[in-house]
$ cat structure-v9.pdb   # PDB, C-alpha atoms, pLDDT in the B column
ATOM      1  CA  MET A   1      46.783 -64.406 265.259  1.00 58.00           C
ATOM      2  CA  SER A   2      43.395 -63.238 263.985  1.00 63.00           C
ATOM      3  CA  PHE A   3      40.474 -65.616 263.694  1.00 54.00           C
ATOM      4  CA  GLU A   4      40.549 -65.385 259.884  1.00 59.00           C
ATOM      5  CA  LYS A   5      44.258 -66.306 259.700  1.00 59.00           C
ATOM      6  CA  LEU A   6      43.667 -69.196 262.118  1.00 57.00           C
ATOM      7  CA  ARG A   7      40.765 -70.421 259.989  1.00 55.00           C
ATOM      8  CA  LEU A   8      42.857 -70.306 256.795  1.00 58.00           C
ATOM      9  CA  LYS A   9      45.723 -72.095 258.522  1.00 58.00           C
ATOM     10  CA  ASN A  10      43.405 -74.865 259.708  1.00 57.00           C
ATOM     11  CA  ILE A  11      41.966 -75.220 256.202  1.00 55.00           C
ATOM     12  CA  GLU A  12      45.454 -75.537 254.697  1.00 60.00           C
ATOM     13  CA  GLU A  13      46.516 -78.101 257.317  1.00 53.00           C
ATOM     14  CA  THR A  14      43.365 -80.114 256.608  1.00 48.00           C
ATOM     15  CA  LYS A  15      44.061 -80.034 252.883  1.00 49.00           C
ATOM     16  CA  GLN A  16      47.609 -81.221 253.512  1.00 52.00           C
ATOM     17  CA  LYS A  17      46.385 -84.092 255.679  1.00 47.00           C
ATOM     18  CA  ILE A  18      43.981 -85.129 252.911  1.00 43.00           C
ATOM     19  CA  ARG A  19      46.799 -85.046 250.335  1.00 47.00           C
ATOM     20  CA  THR A  20      49.127 -87.154 252.475  1.00 44.00           C
ATOM     21  CA  SER A  21      46.339 -89.614 253.328  1.00 41.00           C
ATOM     22  CA  ILE A  22      45.962 -90.589 249.671  1.00 48.00           C
ATOM     23  CA  LYS A  23      48.085 -93.698 249.295  1.00 73.00           C
ATOM     24  CA  LYS A  24      49.321 -95.305 246.111  1.00 81.00           C
ATOM     25  CA  ASP A  25      46.945 -98.209 246.544  1.00 86.00           C
ATOM     26  CA  ILE A  26      44.105 -95.741 245.864  1.00 90.00           C
ATOM     27  CA  LEU A  27      45.659 -95.098 242.442  1.00 91.00           C
ATOM     28  CA  LEU A  28      45.862 -98.847 241.916  1.00 94.00           C
ATOM     29  CA  ILE A  29      42.231 -99.344 242.910  1.00 94.00           C
ATOM     30  CA  GLN A  30      41.022 -96.589 240.598  1.00 94.00           C
ATOM     31  CA  ALA A  31      43.064 -97.938 237.690  1.00 95.00           C
ATOM     32  CA  THR A  32      41.743-101.458 238.342  1.00 96.00           C
ATOM     33  CA  HIS A  33      38.128-100.254 238.283  1.00 95.00           C
ATOM     34  CA  SER A  34      38.855 -98.289 235.089  1.00 96.00           C
ATOM     35  CA  LEU A  35      40.330-101.373 233.429  1.00 96.00           C
ATOM     36  CA  GLU A  36      37.293-103.467 234.358  1.00 95.00           C
ATOM     37  CA  GLU A  37      34.911-100.878 232.895  1.00 96.00           C
ATOM     38  CA  LEU A  38      37.070-100.485 229.784  1.00 95.00           C
ATOM     39  CA  THR A  39      37.174-104.246 229.218  1.00 94.00           C
ATOM     40  CA  LYS A  40      33.381-104.501 229.546  1.00 95.00           C
ATOM     41  CA  SER A  41      32.880-101.649 227.100  1.00 94.00           C
ATOM     42  CA  LEU A  42      35.375-103.123 224.642  1.00 93.00           C
ATOM     43  CA  ASN A  43      33.645-106.497 224.726  1.00 92.00           C
ATOM     44  CA  GLN A  44      30.293-104.877 224.021  1.00 94.00           C
ATOM     45  CA  LEU A  45      31.657-102.652 221.259  1.00 93.00           C
ATOM     46  CA  THR A  46      33.552-105.515 219.617  1.00 93.00           C
ATOM     47  CA  GLU A  47      30.484-107.736 219.699  1.00 92.00           C
ATOM     48  CA  ALA A  48      28.415-104.962 218.092  1.00 93.00           C
ATOM     49  CA  LEU A  49      31.098-104.474 215.433  1.00 92.00           C
ATOM     50  CA  ARG A  50      31.172-108.214 214.775  1.00 92.00           C
ATOM     51  CA  LYS A  51      27.429-108.204 214.055  1.00 91.00           C
ATOM     52  CA  HIS A  52      27.890-105.162 211.825  1.00 90.00           C
ATOM     53  CA  TYR A  53      30.777-106.759 209.934  1.00 90.00           C
ATOM     54  CA  GLU A  54      28.817-109.983 209.413  1.00 90.00           C
ATOM     55  CA  LEU A  55      26.651-108.087 206.933  1.00 89.00           C
ATOM     56  CA  TYR A  56      29.808-107.282 204.957  1.00 90.00           C
ATOM     57  CA  LEU A  57      31.922-110.437 205.222  1.00 90.00           C
ATOM     58  CA  PRO A  58      30.271-113.028 207.523  1.00 89.00           C
ATOM     59  CA  GLU A  59      32.795-115.777 206.750  1.00 89.00           C
ATOM     60  CA  ILE A  60      35.562-113.858 208.566  1.00 89.00           C
ATOM     61  CA  SER A  61      33.397-113.023 211.562  1.00 82.00           C
ATOM     62  CA  LYS A  62      32.516-116.680 212.066  1.00 81.00           C
ATOM     63  CA  THR A  63      36.107-117.888 211.571  1.00 85.00           C
ATOM     64  CA  ILE A  64      37.976-115.591 213.993  1.00 88.00           C
ATOM     65  CA  GLN A  65      36.768-115.785 217.596  1.00 87.00           C
ATOM     66  CA  ASP A  66      39.478-113.869 219.480  1.00 89.00           C
ATOM     67  CA  PRO A  67      38.297-110.211 219.733  1.00 88.00           C
ATOM     68  CA  GLN A  68      41.692-108.505 219.294  1.00 87.00           C
ATOM     69  CA  THR A  69      42.692-110.786 216.426  1.00 90.00           C
ATOM     70  CA  PHE A  70      39.324-110.114 214.806  1.00 91.00           C
ATOM     71  CA  ILE A  71      39.859-106.348 214.945  1.00 92.00           C
ATOM     72  CA  LYS A  72      43.354-106.633 213.426  1.00 90.00           C
ATOM     73  CA  ILE A  73      42.187-108.918 210.629  1.00 91.00           C
ATOM     74  CA  ILE A  74      39.184-106.863 209.526  1.00 91.00           C
ATOM     75  CA  SER A  75      41.381-103.773 209.225  1.00 90.00           C
ATOM     76  CA  LYS A  76      42.552-105.308 205.942  1.00 89.00           C
ATOM     77  CA  PRO A  77      40.688-104.642 202.656  1.00 88.00           C
ATOM     78  CA  ARG A  78      37.809-106.993 201.865  1.00 88.00           C
ATOM     79  CA  ASN A  79      39.319-108.291 198.625  1.00 88.00           C
ATOM     80  CA  GLN A  80      42.563-109.149 200.409  1.00 91.00           C
ATOM     81  CA  LEU A  81      40.715-111.142 203.079  1.00 90.00           C
ATOM     82  CA  ILE A  82      38.685-113.008 200.448  1.00 89.00           C
ATOM     83  CA  LYS A  83      41.941-114.153 198.815  1.00 90.00           C
ATOM     84  CA  GLU A  84      43.727-114.951 202.097  1.00 89.00           C
ATOM     85  CA  TYR A  85      40.877-117.085 203.419  1.00 90.00           C
ATOM     86  CA  ASN A  86      39.923-118.632 200.052  1.00 89.00           C
ATOM     87  CA  ILE A  87      36.367-117.343 200.201  1.00 87.00           C
ATOM     88  CA  THR A  88      34.866-118.256 196.840  1.00 85.00           C
ATOM     89  CA  ASP A  89      31.339-116.958 197.317  1.00 86.00           C
ATOM     90  CA  THR A  90      30.671-114.624 200.229  1.00 86.00           C
ATOM     91  CA  LEU A  91      27.183-114.162 201.615  1.00 87.00           C
ATOM     92  CA  GLY A  92      28.014-110.584 202.551  1.00 86.00           C
ATOM     93  CA  ILE A  93      26.641-107.511 200.855  1.00 86.00           C
ATOM     94  CA  GLU A  94      28.576-104.768 199.065  1.00 85.00           C
ATOM     95  CA  LEU A  95      28.792-101.547 201.050  1.00 85.00           C
ATOM     96  CA  LYS A  96      28.842 -98.021 199.693  1.00 88.00           C
ATOM     97  CA  GLU A  97      31.772 -95.711 200.425  1.00 87.00           C
ATOM     98  CA  LYS A  98      29.931 -93.852 203.194  1.00 90.00           C
ATOM     99  CA  ASP A  99      29.055 -97.169 204.854  1.00 88.00           C
ATOM    100  CA  LEU A 100      32.687 -98.316 204.667  1.00 89.00           C
ATOM    101  CA  GLU A 101      33.892 -95.054 206.201  1.00 92.00           C
ATOM    102  CA  ILE A 102      31.705 -95.590 209.251  1.00 91.00           C
ATOM    103  CA  LEU A 103      32.947 -99.172 209.520  1.00 90.00           C
ATOM    104  CA  LYS A 104      36.580 -97.982 209.303  1.00 91.00           C
ATOM    105  CA  ASP A 105      35.992 -95.335 211.976  1.00 93.00           C
ATOM    106  CA  TYR A 106      34.436 -97.988 214.196  1.00 92.00           C
ATOM    107  CA  ILE A 107      37.448-100.289 213.740  1.00 93.00           C
ATOM    108  CA  ASN A 108      39.929 -97.441 214.392  1.00 93.00           C
ATOM    109  CA  GLU A 109      38.205 -96.409 217.619  1.00 94.00           C
ATOM    110  CA  ILE A 110      38.185 -99.947 218.981  1.00 94.00           C
ATOM    111  CA  THR A 111      41.842-100.351 217.985  1.00 93.00           C
ATOM    112  CA  THR A 112      42.647 -97.211 219.994  1.00 94.00           C
ATOM    113  CA  LEU A 113      40.725 -98.546 223.003  1.00 94.00           C
ATOM    114  CA  ASN A 114      42.551-101.880 222.737  1.00 93.00           C
ATOM    115  CA  HIS A 115      45.832 -99.966 222.875  1.00 94.00           C
ATOM    116  CA  LEU A 116      44.604 -98.094 225.962  1.00 95.00           C
ATOM    117  CA  GLU A 117      43.608-101.398 227.587  1.00 95.00           C
ATOM    118  CA  ASP A 118      47.109-102.807 226.982  1.00 95.00           C
ATOM    119  CA  ASN A 119      48.792 -99.697 228.430  1.00 96.00           C
ATOM    120  CA  LEU A 120      46.474 -99.618 231.444  1.00 96.00           C
ATOM    121  CA  THR A 121      47.121-103.310 232.113  1.00 96.00           C
ATOM    122  CA  LYS A 122      50.899-102.756 232.062  1.00 97.00           C
ATOM    123  CA  TYR A 123      50.506 -99.730 234.350  1.00 96.00           C
ATOM    124  CA  ILE A 124      48.463-101.759 236.860  1.00 96.00           C
ATOM    125  CA  GLU A 125      50.929-104.650 236.783  1.00 96.00           C
ATOM    126  CA  ASN A 126      53.899-102.365 237.466  1.00 96.00           C
ATOM    127  CA  LEU A 127      52.068-100.429 240.182  1.00 95.00           C
ATOM    128  CA  ALA A 128      50.912-103.632 241.887  1.00 95.00           C
ATOM    129  CA  LYS A 129      54.486-104.937 241.947  1.00 95.00           C
ATOM    130  CA  GLU A 130      55.613-101.655 243.516  1.00 93.00           C
ATOM    131  CA  ILE A 131      52.870-101.469 246.146  1.00 93.00           C
ATOM    132  CA  ALA A 132      52.486-105.162 246.941  1.00 94.00           C
ATOM    133  CA  PRO A 133      55.510-107.127 245.658  1.00 95.00           C
ATOM    134  CA  ASN A 134      54.875-110.204 247.794  1.00 96.00           C
ATOM    135  CA  LEU A 135      51.183-110.361 246.949  1.00 96.00           C
ATOM    136  CA  SER A 136      51.951-109.797 243.259  1.00 96.00           C
ATOM    137  CA  LYS A 137      54.412-112.680 243.333  1.00 95.00           C
ATOM    138  CA  GLU A 138      51.966-115.071 244.982  1.00 95.00           C
ATOM    139  CA  ALA A 139      48.845-114.010 243.096  1.00 94.00           C
ATOM    140  CA  GLN A 140      50.242-112.394 239.909  1.00 94.00           C
ATOM    141  CA  PRO A 141      49.927-108.571 239.623  1.00 96.00           C
ATOM    142  CA  LEU A 142      46.460-108.332 238.045  1.00 96.00           C
ATOM    143  CA  LEU A 143      44.850-110.656 240.575  1.00 96.00           C
ATOM    144  CA  ALA A 144      46.678-108.824 243.368  1.00 96.00           C
ATOM    145  CA  SER A 145      45.274-105.499 242.152  1.00 96.00           C
ATOM    146  CA  LYS A 146      41.738-106.921 242.012  1.00 96.00           C
ATOM    147  CA  LEU A 147      42.021-108.276 245.554  1.00 96.00           C
ATOM    148  CA  ILE A 148      43.186-104.888 246.843  1.00 96.00           C
ATOM    149  CA  ALA A 149      40.356-103.179 244.951  1.00 95.00           C
ATOM    150  CA  LEU A 150      37.735-105.558 246.382  1.00 95.00           C
ATOM    151  CA  ALA A 151      39.123-105.107 249.900  1.00 95.00           C
ATOM    152  CA  GLY A 152      39.179-101.303 249.531  1.00 93.00           C
ATOM    153  CA  SER A 153      42.867-100.908 250.380  1.00 93.00           C
ATOM    154  CA  LEU A 154      46.032-102.891 251.046  1.00 93.00           C
ATOM    155  CA  LYS A 155      45.527-102.197 254.754  1.00 92.00           C
ATOM    156  CA  ASN A 156      42.047-103.728 254.711  1.00 94.00           C
ATOM    157  CA  LEU A 157      43.372-106.764 252.877  1.00 95.00           C
ATOM    158  CA  ALA A 158      46.268-107.167 255.314  1.00 94.00           C
ATOM    159  CA  PHE A 159      43.957-107.136 258.357  1.00 94.00           C
ATOM    160  CA  MET A 160      41.421-109.412 256.686  1.00 95.00           C
ATOM    161  CA  PRO A 161      41.175-113.055 257.848  1.00 95.00           C
ATOM    162  CA  SER A 162      42.123-115.539 255.137  1.00 94.00           C
ATOM    163  CA  SER A 163      38.596-117.030 255.192  1.00 93.00           C
ATOM    164  CA  LYS A 164      37.196-113.666 254.078  1.00 93.00           C
ATOM    165  CA  LEU A 165      39.920-113.085 251.482  1.00 95.00           C
ATOM    166  CA  GLN A 166      39.078-116.522 250.085  1.00 93.00           C
ATOM    167  CA  LEU A 167      35.546-115.348 249.272  1.00 91.00           C
ATOM    168  CA  LEU A 168      36.315-111.872 247.879  1.00 92.00           C
ATOM    169  CA  GLY A 169      34.332-111.504 244.684  1.00 90.00           C
ATOM    170  CA  ALA A 170      31.761-114.130 245.694  1.00 83.00           C
ATOM    171  CA  GLU A 171      29.646-111.845 247.882  1.00 78.00           C
ATOM    172  CA  LYS A 172      26.434-112.367 245.879  1.00 85.00           C
ATOM    173  CA  ALA A 173      26.761-116.154 246.084  1.00 80.00           C
ATOM    174  CA  LEU A 174      27.467-115.901 249.816  1.00 77.00           C
ATOM    175  CA  PHE A 175      24.426-113.699 250.429  1.00 80.00           C
ATOM    176  CA  ARG A 176      22.241-116.144 248.480  1.00 81.00           C
ATOM    177  CA  HIS A 177      23.546-118.967 250.664  1.00 77.00           C
ATOM    178  CA  LEU A 178      22.951-117.039 253.902  1.00 75.00           C
ATOM    179  CA  LYS A 179      19.447-116.173 252.761  1.00 80.00           C
ATOM    180  CA  ASN A 180      18.538-119.706 251.769  1.00 77.00           C
ATOM    181  CA  LYS A 181      21.028-122.312 252.997  1.00 75.00           C
ATOM    182  CA  LYS A 182      18.893-125.232 251.825  1.00 72.00           C
ATOM    183  CA  LYS A 183      18.758-124.049 248.224  1.00 76.00           C
ATOM    184  CA  TYR A 184      22.226-122.537 247.764  1.00 75.00           C
ATOM    185  CA  LYS A 185      25.583-123.986 248.764  1.00 81.00           C
ATOM    186  CA  SER A 186      28.208-121.819 250.423  1.00 77.00           C
ATOM    187  CA  PRO A 187      30.820-120.652 247.876  1.00 83.00           C
ATOM    188  CA  LYS A 188      34.330-122.074 248.288  1.00 86.00           C
ATOM    189  CA  TYR A 189      36.176-119.250 246.560  1.00 85.00           C
ATOM    190  CA  GLY A 190      35.745-115.897 244.916  1.00 88.00           C
ATOM    191  CA  ILE A 191      38.031-114.152 242.471  1.00 92.00           C
ATOM    192  CA  ILE A 192      41.028-116.263 243.506  1.00 93.00           C
ATOM    193  CA  TYR A 193      39.407-119.041 241.447  1.00 92.00           C
ATOM    194  CA  ASN A 194      41.337-117.580 238.488  1.00 88.00           C
ATOM    195  CA  HIS A 195      44.661-118.478 240.122  1.00 93.00           C
ATOM    196  CA  GLN A 196      46.548-121.327 238.464  1.00 90.00           C
ATOM    197  CA  LEU A 197      46.831-123.223 241.757  1.00 89.00           C
ATOM    198  CA  ILE A 198      43.048-123.593 241.961  1.00 90.00           C
ATOM    199  CA  GLN A 199      42.537-124.065 238.226  1.00 89.00           C
ATOM    200  CA  THR A 200      44.889-127.061 238.178  1.00 90.00           C
ATOM    201  CA  SER A 201      43.812-128.583 241.499  1.00 88.00           C
ATOM    202  CA  LYS A 202      41.399-131.509 241.785  1.00 88.00           C
ATOM    203  CA  GLU A 203      40.386-130.411 245.305  1.00 91.00           C
ATOM    204  CA  LYS A 204      39.595-126.782 244.561  1.00 88.00           C
ATOM    205  CA  GLY A 205      38.122-125.986 247.973  1.00 89.00           C
ATOM    206  CA  LYS A 206      41.237-127.191 249.772  1.00 92.00           C
ATOM    207  CA  ALA A 207      43.472-125.376 247.277  1.00 93.00           C
ATOM    208  CA  ALA A 208      41.469-122.165 247.801  1.00 93.00           C
ATOM    209  CA  ARG A 209      41.971-122.300 251.582  1.00 94.00           C
ATOM    210  CA  HIS A 210      45.701-122.916 251.158  1.00 94.00           C
ATOM    211  CA  LEU A 211      46.055-120.105 248.612  1.00 95.00           C
ATOM    212  CA  ALA A 212      44.012-117.637 250.694  1.00 95.00           C
ATOM    213  CA  SER A 213      46.307-118.276 253.644  1.00 95.00           C
ATOM    214  CA  LYS A 214      49.411-117.620 251.535  1.00 96.00           C
ATOM    215  CA  LEU A 215      47.913-114.441 250.058  1.00 96.00           C
ATOM    216  CA  THR A 216      46.952-113.129 253.501  1.00 96.00           C
ATOM    217  CA  ILE A 217      50.530-113.568 254.725  1.00 96.00           C
ATOM    218  CA  ALA A 218      51.861-111.889 251.576  1.00 96.00           C
ATOM    219  CA  ALA A 219      49.493-108.915 251.983  1.00 95.00           C
ATOM    220  CA  ARG A 220      50.599-108.459 255.605  1.00 95.00           C
ATOM    221  CA  LYS A 221      54.261-108.567 254.619  1.00 95.00           C
ATOM    222  CA  ASP A 222      53.618-105.844 252.046  1.00 93.00           C
ATOM    223  CA  TYR A 223      51.643-103.627 254.410  1.00 91.00           C
ATOM    224  CA  PHE A 224      54.058-103.890 257.341  1.00 90.00           C
ATOM    225  CA  ARG A 225      57.305-103.841 255.351  1.00 79.00           C
ATOM    226  CA  LYS A 226      57.913-100.110 255.921  1.00 60.00           C
TER
END
$ encode --input "structure-v9.pdb" --output "structure tokens"
Amino acid sequence: MSFEKLRLKNIEETKQKIRTSIKKDILLIQATHSLEELTKSLNQLTEALRKHYELYLPEISKTIQDPQTFIKIISKPRNQLIKEYNITDTLGIELKEKDLEILKDYINEITTLNHLEDNLTKYIENLAKEIAPNLSKEAQPLLASKLIALAGSLKNLAFMPSSKLQLLGAEKALFRHLKNKKKYKSPKYGIIYNHQLIQTSKEKGKAARHLASKLTIAARKDYFRK
């Protein structure tokens, strides 16, 4: 075999190894990061739209706090909303047709992004259940996906001690504590704080340790199940 053929063969084998090394948890991690960025962008865009819409019909903007509900409601014509919400004298200004068109385009784009967020969330939930069924059951799929993303892979999470898993997402608080232990207390939990077990517990630190232990076992079951 010539040197050139050997070189091409080695290149192809390397490419194949790279392809097979890409696990499904990488897809999950990428999707989780995308969802986080999308949610941040949506929050910023919705808040900007709310301020814009307050010039037009401030009574609605102040009444409806939920972002997705707000977007759905303001898709309706102004006169219809004035009747539905019994607004007798609005402080908003009348907008010209060109101003309304921009406002409508803004609403339509955010509606589309909200739809994408919903679809991406469902995709992540289903993928998390497929990749890490035990972890998804213990933590719920979205929290499971975030833990895997913070760890870097399911393998990393499975080999991680429960004390470290407990603090995933609280790295900044931990670094502040290590830098100045007198001023800052050591964090008791990271992203797992969002779990219902901790939310409903009176002793959150103890609940966090117990939950972290259960999640570590679940992650190991998922990684070693094949």
$ closest_atom_pairs --input "structure-v9.pdb" --of "range 76-141 of chain A" --to "range 38-55 of chain A" --cutoff "10 Å" --atoms "only C-alpha atoms" --output "tab-separated table"
residue	atom	partner	partner_atom	distance
A:Leu91	CA	A:Leu55	CA	8.1
A:Gly92	CA	A:Leu55	CA	5.2
A:Ile93	CA	A:Leu55	CA	6.1
A:Glu94	CA	A:Leu55	CA	8.8
A:Leu95	CA	A:Leu55	CA	9.1
A:Leu103	CA	A:Tyr53	CA	7.9
A:Tyr106	CA	A:Leu49	CA	7.4
A:Ile107	CA	A:Leu49	CA	7.8
A:Glu109	CA	A:Leu45	CA	9.8
A:Ile110	CA	A:Leu42	CA	7.1
A:Thr111	CA	A:Leu42	CA	9.7
A:Leu113	CA	A:Leu42	CA	7.2
A:Asn114	CA	A:Leu42	CA	7.5
A:Leu116	CA	A:Leu38	CA	8.8
A:Glu117	CA	A:Leu38	CA	7.0
A:Leu120	CA	A:Leu38	CA	9.6
$ atom_distance --input "structure-v9.pdb" --atom1 "CA of His33 in chain A" --atom2 "CA of Ile124 in chain A"
10.5 Å
$ axis_aligned_box --input "structure-v9.pdb" --around "range 80-89 of chain A" --padding-each-side "4 Å" --output "JSON"
{"center_x": 37.5, "center_y": -113.9, "center_z": 200.1, "size_x": 20.4, "size_y": 17.5, "size_z": 14.6}
$ residues_around --input "structure-v9.pdb" --residues "Leu174 in chain A" --least-positions-apart "2" --cutoff "12 Å" --atoms "all atoms listed in the file" --output "ChimeraX atom specification"
/A:164,166-172,176-181,184-190
$ resolve_selection --input "structure-v9.pdb" --expression "the PyMOL selection byres ((chain A and resi 153) around 10)" --output "PDB file with C-alpha atoms, in the coordinates of the input"
ATOM      1  CA  LYS A  23      48.085 -93.698 249.295  1.00 73.00           C
ATOM      2  CA  LYS A  24      49.321 -95.305 246.111  1.00 81.00           C
ATOM      3  CA  ASP A  25      46.945 -98.209 246.544  1.00 86.00           C
ATOM      4  CA  ILE A  26      44.105 -95.741 245.864  1.00 90.00           C
ATOM      5  CA  LEU A  28      45.862 -98.847 241.916  1.00 94.00           C
ATOM      6  CA  ILE A  29      42.231 -99.344 242.910  1.00 94.00           C
ATOM      7  CA  SER A 145      45.274-105.499 242.152  1.00 96.00           C
ATOM      8  CA  LEU A 147      42.021-108.276 245.554  1.00 96.00           C
ATOM      9  CA  ILE A 148      43.186-104.888 246.843  1.00 96.00           C
ATOM     10  CA  ALA A 149      40.356-103.179 244.951  1.00 95.00           C
ATOM     11  CA  LEU A 150      37.735-105.558 246.382  1.00 95.00           C
ATOM     12  CA  ALA A 151      39.123-105.107 249.900  1.00 95.00           C
ATOM     13  CA  GLY A 152      39.179-101.303 249.531  1.00 93.00           C
ATOM     14  CA  LEU A 154      46.032-102.891 251.046  1.00 93.00           C
ATOM     15  CA  LYS A 155      45.527-102.197 254.754  1.00 92.00           C
ATOM     16  CA  ASN A 156      42.047-103.728 254.711  1.00 94.00           C
ATOM     17  CA  LEU A 157      43.372-106.764 252.877  1.00 95.00           C
ATOM     18  CA  ALA A 158      46.268-107.167 255.314  1.00 94.00           C
TER      19      ALA A 158
END
$ atom_distance --input "structure-v9.pdb" --atom1 "CA of Arg209 in chain A" --atom2 "CA of His195 in chain A"
12.4 Å
$ residues_around --input "structure-v9.pdb" --residues "Pro141 in chain A" --least-positions-apart "6" --cutoff "7 Å" --atoms "only C-alpha atoms" --output "list in words"
Glu125, Ala128 and Lys129 of chain A
$ atom_distance --input "structure-v9.pdb" --atom1 "CA of Lys104 in chain A" --atom2 "CA of Glu37 in chain A"
23.8 Å
$ closest_atom_pairs --input "structure-v9.pdb" --of "range 88-192 of chain A" --to "range 216-222 of chain A" --cutoff "6 Å" --atoms "all atoms listed in the file" --output "CSV"
residue,atom,partner,partner_atom,distance
A:Ala132,CA,A:Asp222,CA,5.3
A:Asn134,CA,A:Ala218,CA,5.1
A:Leu135,CA,A:Ala218,CA,4.9
A:Ala158,CA,A:Arg220,CA,4.5
A:Ser162,CA,A:Thr216,CA,5.6
$ residues_around --input "structure-v9.pdb" --residues "range 82-87 of chain A" --least-positions-apart "6" --cutoff "10 Å" --atoms "only C-alpha atoms" --output "ChimeraX atom specification"
/A:57,59-60,63
$ residues_around --input "structure-v9.pdb" --residues "Ala207 in chain A" --least-positions-apart "6" --cutoff "12 Å" --atoms "all atoms listed in the file" --output "MDAnalysis selection string"
chainID A and resid 166 188:189 192:201 213:214
$ closest_residue --input "structure-v9.pdb" --among "A:Tyr223, A:Ser75, A:Lys183, A:Leu165" --to "His210 in chain A" --atoms "all atoms listed in the file"
A:Leu165
$ build_atoms --input "structure-v9.pdb" --residues "range 144-158 of chain A" --atoms "N, CA and C atoms" --output "CSV table (one decimal), keeping the file's coordinate frame"
chain,number,residue,atom,x,y,z
A,144,ALA,N,46.3,-109.6,242.2
A,144,ALA,CA,46.7,-108.8,243.4
A,144,ALA,C,45.9,-107.5,243.4
A,145,SER,N,45.9,-106.8,242.2
A,145,SER,CA,45.3,-105.5,242.2
A,145,SER,C,43.8,-105.6,242.4
A,146,LYS,N,43.2,-106.7,241.8
A,146,LYS,CA,41.7,-106.9,242.0
A,146,LYS,C,41.4,-107.2,243.5
A,147,LEU,N,42.3,-108.0,244.1
A,147,LEU,CA,42.0,-108.3,245.6
A,147,LEU,C,42.1,-107.0,246.4
A,148,ILE,N,43.1,-106.2,246.1
A,148,ILE,CA,43.2,-104.9,246.8
A,148,ILE,C,42.0,-104.0,246.6
A,149,ALA,N,41.5,-104.0,245.3
A,149,ALA,CA,40.4,-103.2,245.0
A,149,ALA,C,39.1,-103.7,245.7
A,150,LEU,N,38.9,-105.0,245.7
A,150,LEU,CA,37.7,-105.6,246.4
A,150,LEU,C,37.8,-105.3,247.9
A,151,ALA,N,39.0,-105.3,248.5
A,151,ALA,CA,39.1,-105.1,249.9
A,151,ALA,C,39.0,-103.6,250.2
A,152,GLY,N,39.3,-102.7,249.3
A,152,GLY,CA,39.2,-101.3,249.5
A,152,GLY,C,40.5,-100.6,249.8
A,153,SER,N,41.5,-101.4,250.2
A,153,SER,CA,42.9,-100.9,250.4
A,153,SER,C,43.8,-102.1,250.7
A,154,LEU,N,45.1,-101.9,250.6
A,154,LEU,CA,46.0,-102.9,251.0
A,154,LEU,C,45.9,-103.1,252.6
A,155,LYS,N,45.7,-102.1,253.3
A,155,LYS,CA,45.5,-102.2,254.8
A,155,LYS,C,44.4,-103.1,255.1
A,156,ASN,N,43.2,-102.9,254.5
A,156,ASN,CA,42.0,-103.7,254.7
A,156,ASN,C,42.3,-105.2,254.4
A,157,LEU,N,43.0,-105.4,253.3
A,157,LEU,CA,43.4,-106.8,252.9
A,157,LEU,C,44.3,-107.4,253.9
A,158,ALA,N,45.3,-106.6,254.4
A,158,ALA,CA,46.3,-107.2,255.3
A,158,ALA,C,45.6,-107.6,256.6
